[in-house]
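Chemist: For reference, the structure I am asking about is given below.
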Amino acid sequence: MLNKFDIQIRAEQEYAVLETAGYLNDSLGEQLSKKAQELIEKGYTQLVINLDKTALINSIGISILIEIIEALDERNGTLNFCGLSATQERTFRMMAIAKYAGIYPDEKTAIANF
Amino acid sequence: MENAVLMDEVCLTIPMDHDMELVAAKTGSVLAELNHFNEEQIEEIQYAIIETCINAFEHSQSEDRKVYIIYIRRADELECKITDNGVGFTPEDQHNSISQRQGIHSDMRKRGWGLEITKTLMDEFDIESGENGTTVSFIKKVTS
């Protein structure tokens with residue numbers, strides 16, 4: 001299991017989608033955070049993080065996702081997640097992430113629910 | 001935790017290096033597949049192994065910088081025993097560590113979730129910790 005990771009960004013007028021691929025650990029998390037911060041600084045306050053191609057996440061990676069939620073909170077923004085596995089969703093709900101960010105099955109629904 | 005017929009025992013030692021927890025998780029995943037766990041259960045086992053290994057990497061302060069994993073595959077379950085030779089911890093240590101890691105929302109703390117995640121995802125869970133190290137044991141049972 002090589003940990004090849006990648007982040008694709010699709011920025012539209014009203015929102016931006018960050019799609020991760022690979023193990024979401026501290027390394028990928030830091031890169032994701034940097035890209036999310038760049039988008040926030042450009043004025044984006046509606047972000048989707050699509051985890052469909054991320055099979056595994058560790059709690060350090062999740063802590064970085066929480067930092068992105070907090071950064072958007074400060075600007076009255078919204079973060080919606082999509083593409084989570086059942087275990088990932090269960091973990092996110094346990095960590096109260098579902099209270100402060102949206103969780104949707106796919107990208108289209110995540111975008112429609114801003 | 002030893003009530004079923006033993007089928008296989010696999011031992012693995014990993015260094016406390018970046019992403020080595022994936023090696024432990026992958027090994028657990030292969031053994032779980034052999035035991036006919038479903039996809040979701042295999043993922044849960046991987047998460048439990050990853051979180052337990054990361055805890056050892058971050059907090060054990062072990063001099064040998066290694067984690068020792070025993071996988072015990074029985075007819076209807078997989079047990080993992082994950083050991084470090086570090087300084088051990090007490091429930092107070094864990095509470096203090098969690099208290100220092102609050103974010104903006106107190107119920108959405110950033111760190112200190114590893115053991116809780118593992119406990120939630122597994123069917124049985126146990127910790128033995130002392131001045132010579134810590135062993136976290138957990139069992140996932142095969143369910144249809």
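If you're wondering about the labels, chains in the structure tokens are A, B, ... by order shown, residues count from 1 in each chain, ligands from 1 in order shown.
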Can you tell me, as an mmCIF file with N, CA and C atoms, in the first residue's frame, which residues in region 3-137 of chain B count as strand (DSSP E or B) by DSSP?
Modeler:
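Result saved to result.cif:
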```cif
data_model
loop_
_atom_site.group_PDB
_atom_site.id
_atom_site.type_symbol
_atom_site.label_atom_id
_atom_site.label_comp_id
_atom_site.auth_asym_id
_atom_site.auth_seq_id
_atom_site.Cartn_x
_atom_site.Cartn_y
_atom_site.Cartn_z
ATOM 1 N N LEU B 6 -7.819 -21.454 18.133
ATOM 2 C CA LEU B 6 -6.730 -20.705 17.504
ATOM 3 C C LEU B 6 -6.470 -21.242 16.108
ATOM 4 N N MET B 7 -6.419 -20.349 15.134
ATOM 5 C CA MET B 7 -6.111 -20.784 13.771
ATOM 6 C C MET B 7 -4.701 -20.371 13.391
ATOM 7 N N ASP B 8 -4.372 -19.096 13.591
ATOM 8 C CA ASP B 8 -3.046 -18.592 13.210
ATOM 9 C C ASP B 8 -2.625 -17.498 14.170
ATOM 10 N N GLU B 9 -1.326 -17.383 14.341
ATOM 11 C CA GLU B 9 -0.796 -16.251 15.107
ATOM 12 C C GLU B 9 0.316 -15.633 14.265
ATOM 13 N N VAL B 10 0.227 -14.348 14.060
ATOM 14 C CA VAL B 10 1.220 -13.636 13.244
ATOM 15 C C VAL B 10 1.834 -12.540 14.099
ATOM 16 N N CYS B 11 3.164 -12.442 14.089
ATOM 17 C CA CYS B 11 3.846 -11.405 14.867
ATOM 18 C C CYS B 11 4.520 -10.420 13.912
ATOM 19 N N LEU B 12 4.421 -9.161 14.223
ATOM 20 C CA LEU B 12 5.005 -8.123 13.377
ATOM 21 C C LEU B 12 5.636 -7.065 14.270
ATOM 22 N N THR B 13 6.835 -6.640 13.924
ATOM 23 C CA THR B 13 7.466 -5.522 14.632
ATOM 24 C C THR B 13 7.650 -4.389 13.639
ATOM 25 N N ILE B 14 7.180 -3.207 14.021
ATOM 26 C CA ILE B 14 7.346 -2.055 13.121
ATOM 27 C C ILE B 14 8.141 -0.960 13.844
ATOM 28 N N PRO B 15 8.974 -0.241 13.113
ATOM 29 C CA PRO B 15 9.643 0.915 13.713
ATOM 30 C C PRO B 15 8.654 2.063 13.855
ATOM 31 N N LYS B 66 10.040 0.987 18.789
ATOM 32 C CA LYS B 66 9.389 -0.092 18.033
ATOM 33 C C LYS B 66 8.024 -0.410 18.617
ATOM 34 N N VAL B 67 7.143 -0.915 17.779
ATOM 35 C CA VAL B 67 5.836 -1.396 18.227
ATOM 36 C C VAL B 67 5.731 -2.869 17.821
ATOM 37 N N TYR B 68 5.281 -3.682 18.764
ATOM 38 C CA TYR B 68 5.208 -5.130 18.558
ATOM 39 C C TYR B 68 3.733 -5.521 18.463
ATOM 40 N N ILE B 69 3.392 -6.179 17.379
ATOM 41 C CA ILE B 69 1.977 -6.510 17.159
ATOM 42 C C ILE B 69 1.820 -8.022 17.016
ATOM 43 N N ILE B 70 0.894 -8.580 17.767
ATOM 44 C CA ILE B 70 0.533 -9.994 17.604
ATOM 45 C C ILE B 70 -0.915 -10.039 17.112
ATOM 46 N N TYR B 71 -1.097 -10.685 15.989
ATOM 47 C CA TYR B 71 -2.436 -10.889 15.425
ATOM 48 C C TYR B 71 -2.810 -12.341 15.702
ATOM 49 N N ILE B 72 -3.936 -12.556 16.338
ATOM 50 C CA ILE B 72 -4.376 -13.928 16.623
ATOM 51 C C ILE B 72 -5.683 -14.159 15.873
ATOM 52 N N ARG B 73 -5.593 -15.020 14.877
ATOM 53 C CA ARG B 73 -6.764 -15.277 14.038
ATOM 54 C C ARG B 73 -7.459 -16.534 14.532
ATOM 55 N N ARG B 74 -8.692 -16.375 14.999
ATOM 56 C CA ARG B 74 -9.477 -17.531 15.443
ATOM 57 C C ARG B 74 -10.654 -17.719 14.492
ATOM 58 N N GLU B 77 -13.130 -14.705 15.007
ATOM 59 C CA GLU B 77 -12.675 -13.380 15.463
ATOM 60 C C GLU B 77 -11.201 -13.143 15.138
ATOM 61 N N LEU B 78 -10.819 -11.884 15.191
ATOM 62 C CA LEU B 78 -9.402 -11.508 15.057
ATOM 63 C C LEU B 78 -9.034 -10.675 16.273
ATOM 64 N N GLU B 79 -7.965 -11.093 16.955
ATOM 65 C CA GLU B 79 -7.483 -10.322 18.102
ATOM 66 C C GLU B 79 -6.151 -9.672 17.731
ATOM 67 N N CYS B 80 -5.967 -8.434 18.165
ATOM 68 C CA CYS B 80 -4.688 -7.738 17.972
ATOM 69 C C CYS B 80 -4.164 -7.305 19.326
ATOM 70 N N LYS B 81 -2.889 -7.579 19.579
ATOM 71 C CA LYS B 81 -2.241 -7.108 20.801
ATOM 72 C C LYS B 81 -1.091 -6.212 20.363
ATOM 73 N N ILE B 82 -1.175 -4.951 20.719
ATOM 74 C CA ILE B 82 -0.205 -3.952 20.238
ATOM 75 C C ILE B 82 0.565 -3.416 21.438
ATOM 76 N N THR B 83 1.877 -3.661 21.432
ATOM 77 C CA THR B 83 2.703 -3.389 22.616
ATOM 78 C C THR B 83 3.836 -2.413 22.299
ATOM 79 N N ASP B 84 4.076 -1.513 23.235
ATOM 80 C CA ASP B 84 5.301 -0.704 23.177
ATOM 81 C C ASP B 84 6.033 -0.853 24.502
ATOM 82 N N GLU B 124 -14.272 -6.053 21.747
ATOM 83 C CA GLU B 124 -13.661 -6.138 23.084
ATOM 84 C C GLU B 124 -12.393 -5.300 23.064
ATOM 85 N N PHE B 125 -12.094 -4.711 24.223
ATOM 86 C CA PHE B 125 -10.963 -3.767 24.285
ATOM 87 C C PHE B 125 -10.341 -3.818 25.673
ATOM 88 N N ASP B 126 -9.028 -3.820 25.743
ATOM 89 C CA ASP B 126 -8.360 -3.856 27.045
ATOM 90 C C ASP B 126 -7.011 -3.142 26.955
ATOM 91 N N ILE B 127 -6.626 -2.484 28.057
ATOM 92 C CA ILE B 127 -5.303 -1.841 28.107
ATOM 93 C C ILE B 127 -4.586 -2.321 29.355
ATOM 94 N N GLU B 128 -3.324 -2.693 29.190
ATOM 95 C CA GLU B 128 -2.462 -2.935 30.348
ATOM 96 C C GLU B 128 -1.292 -1.977 30.195
ATOM 97 N N SER B 129 -1.112 -1.119 31.183
ATOM 98 C CA SER B 129 -0.046 -0.126 31.075
ATOM 99 C C SER B 129 0.708 -0.015 32.386
ATOM 100 N N GLY B 130 2.008 0.054 32.293
ATOM 101 C CA GLY B 130 2.851 0.195 33.479
ATOM 102 C C GLY B 130 4.156 0.863 33.097
ATOM 103 N N GLY B 133 5.865 -0.299 29.852
ATOM 104 C CA GLY B 133 5.209 -0.218 28.544
ATOM 105 C C GLY B 133 3.712 -0.428 28.603
ATOM 106 N N THR B 134 3.140 -0.457 27.419
ATOM 107 C CA THR B 134 1.684 -0.550 27.296
ATOM 108 C C THR B 134 1.320 -1.612 26.258
ATOM 109 N N THR B 135 0.311 -2.399 26.593
ATOM 110 C CA THR B 135 -0.269 -3.306 25.596
ATOM 111 C C THR B 135 -1.751 -2.997 25.469
ATOM 112 N N VAL B 136 -2.150 -2.675 24.249
ATOM 113 C CA VAL B 136 -3.569 -2.486 23.940
ATOM 114 C C VAL B 136 -4.029 -3.731 23.185
ATOM 115 N N SER B 137 -5.072 -4.362 23.684
ATOM 116 C CA SER B 137 -5.613 -5.563 23.035
ATOM 117 C C SER B 137 -7.054 -5.297 22.609
#
```
Chemist: Kindly assemble as a Markdown table a list of the chain A residues that lie within 10 Å of chain B, each paired with its nearest atom pair and their distance in Å to one decimal, using only C-alpha atoms, sorted first by chain and then by ascending residue number.
Modeler:
```
| residue | atom | partner | partner_atom | distance |
| --- | --- | --- | --- | --- |
| A:Met1 | CA | B:Lys26 | CA | 7.4 |
| A:Leu2 | CA | B:Leu22 | CA | 9.1 |
| A:Asn3 | CA | B:Asp19 | CA | 8.1 |
| A:Tyr23 | CA | B:Leu22 | CA | 9.0 |
| A:Asn25 | CA | B:Asp19 | CA | 8.3 |
| A:Asp26 | CA | B:His18 | CA | 9.5 |
| A:Ser27 | CA | B:His18 | CA | 9.5 |
| A:Ala55 | CA | B:Glu43 | CA | 8.6 |
| A:Leu56 | CA | B:Tyr47 | CA | 7.5 |
| A:Ile57 | CA | B:Tyr47 | CA | 7.9 |
| A:Asn58 | CA | B:Glu51 | CA | 6.6 |
| A:Ser59 | CA | B:Gly114 | CA | 6.6 |
| A:Ile60 | CA | B:Arg111 | CA | 7.2 |
| A:Gly61 | CA | B:Lys110 | CA | 9.8 |
| A:Ile62 | CA | B:Lys110 | CA | 7.6 |
| A:Ser63 | CA | B:Lys110 | CA | 4.6 |
| A:Ile64 | CA | B:Lys110 | CA | 7.9 |
| A:Leu65 | CA | B:Lys110 | CA | 9.0 |
| A:Ile66 | CA | B:Lys110 | CA | 6.6 |
| A:Glu67 | CA | B:Lys110 | CA | 8.1 |
| A:Ile69 | CA | B:Ile104 | CA | 9.8 |
| A:Glu70 | CA | B:Ile104 | CA | 6.8 |
| A:Ala71 | CA | B:Ile104 | CA | 9.9 |
| A:Asp73 | CA | B:Ile104 | CA | 9.3 |
| A:Glu74 | CA | B:Ile104 | CA | 9.8 |
| A:Ser85 | CA | B:Glu40 | CA | 8.3 |
| A:Ala86 | CA | B:Glu40 | CA | 7.1 |
| A:Thr87 | CA | B:Glu44 | CA | 6.4 |
| A:Gln88 | CA | B:Glu44 | CA | 9.0 |
| A:Arg90 | CA | B:Leu121 | CA | 9.1 |
| A:Thr91 | CA | B:Ile117 | CA | 6.9 |
| A:Phe92 | CA | B:Met108 | CA | 9.7 |
| A:Arg93 | CA | B:Met108 | CA | 9.9 |
| A:Met94 | CA | B:Ile117 | CA | 8.1 |
| A:Met95 | CA | B:Met108 | CA | 5.8 |
| A:Ala96 | CA | B:Met108 | CA | 5.2 |
| A:Ile97 | CA | B:Met108 | CA | 6.3 |
| A:Ala98 | CA | B:Met108 | CA | 9.4 |
| A:Lys99 | CA | B:Met108 | CA | 8.6 |
| A:Tyr100 | CA | B:Met108 | CA | 8.5 |
```
Chemist: So what do you get for CA of Ile111 (chain A) versus CA of Val48 (chain A), distance-wise?
Modeler: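 Atom-to-atom, CA of Ile111 (chain A) to CA of Val48 (chain A), that is 7.0 Å.
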Chemist: If you run DSSP over the backbone, which residues in region 7-89 of chain A end up helix (DSSP H, G or I)? Put them as a ChimeraX atom specification.
Modeler: /A:26-41,59-73,86-89
Chemist: Would you mind reading off the distance between CA of Leu28 (chain A) and CA of Met16 (chain B), one decimal, in Å?
Modeler: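 Pair CA of Leu28 (chain A) / CA of Met16 (chain B) returns 18.7 Å.
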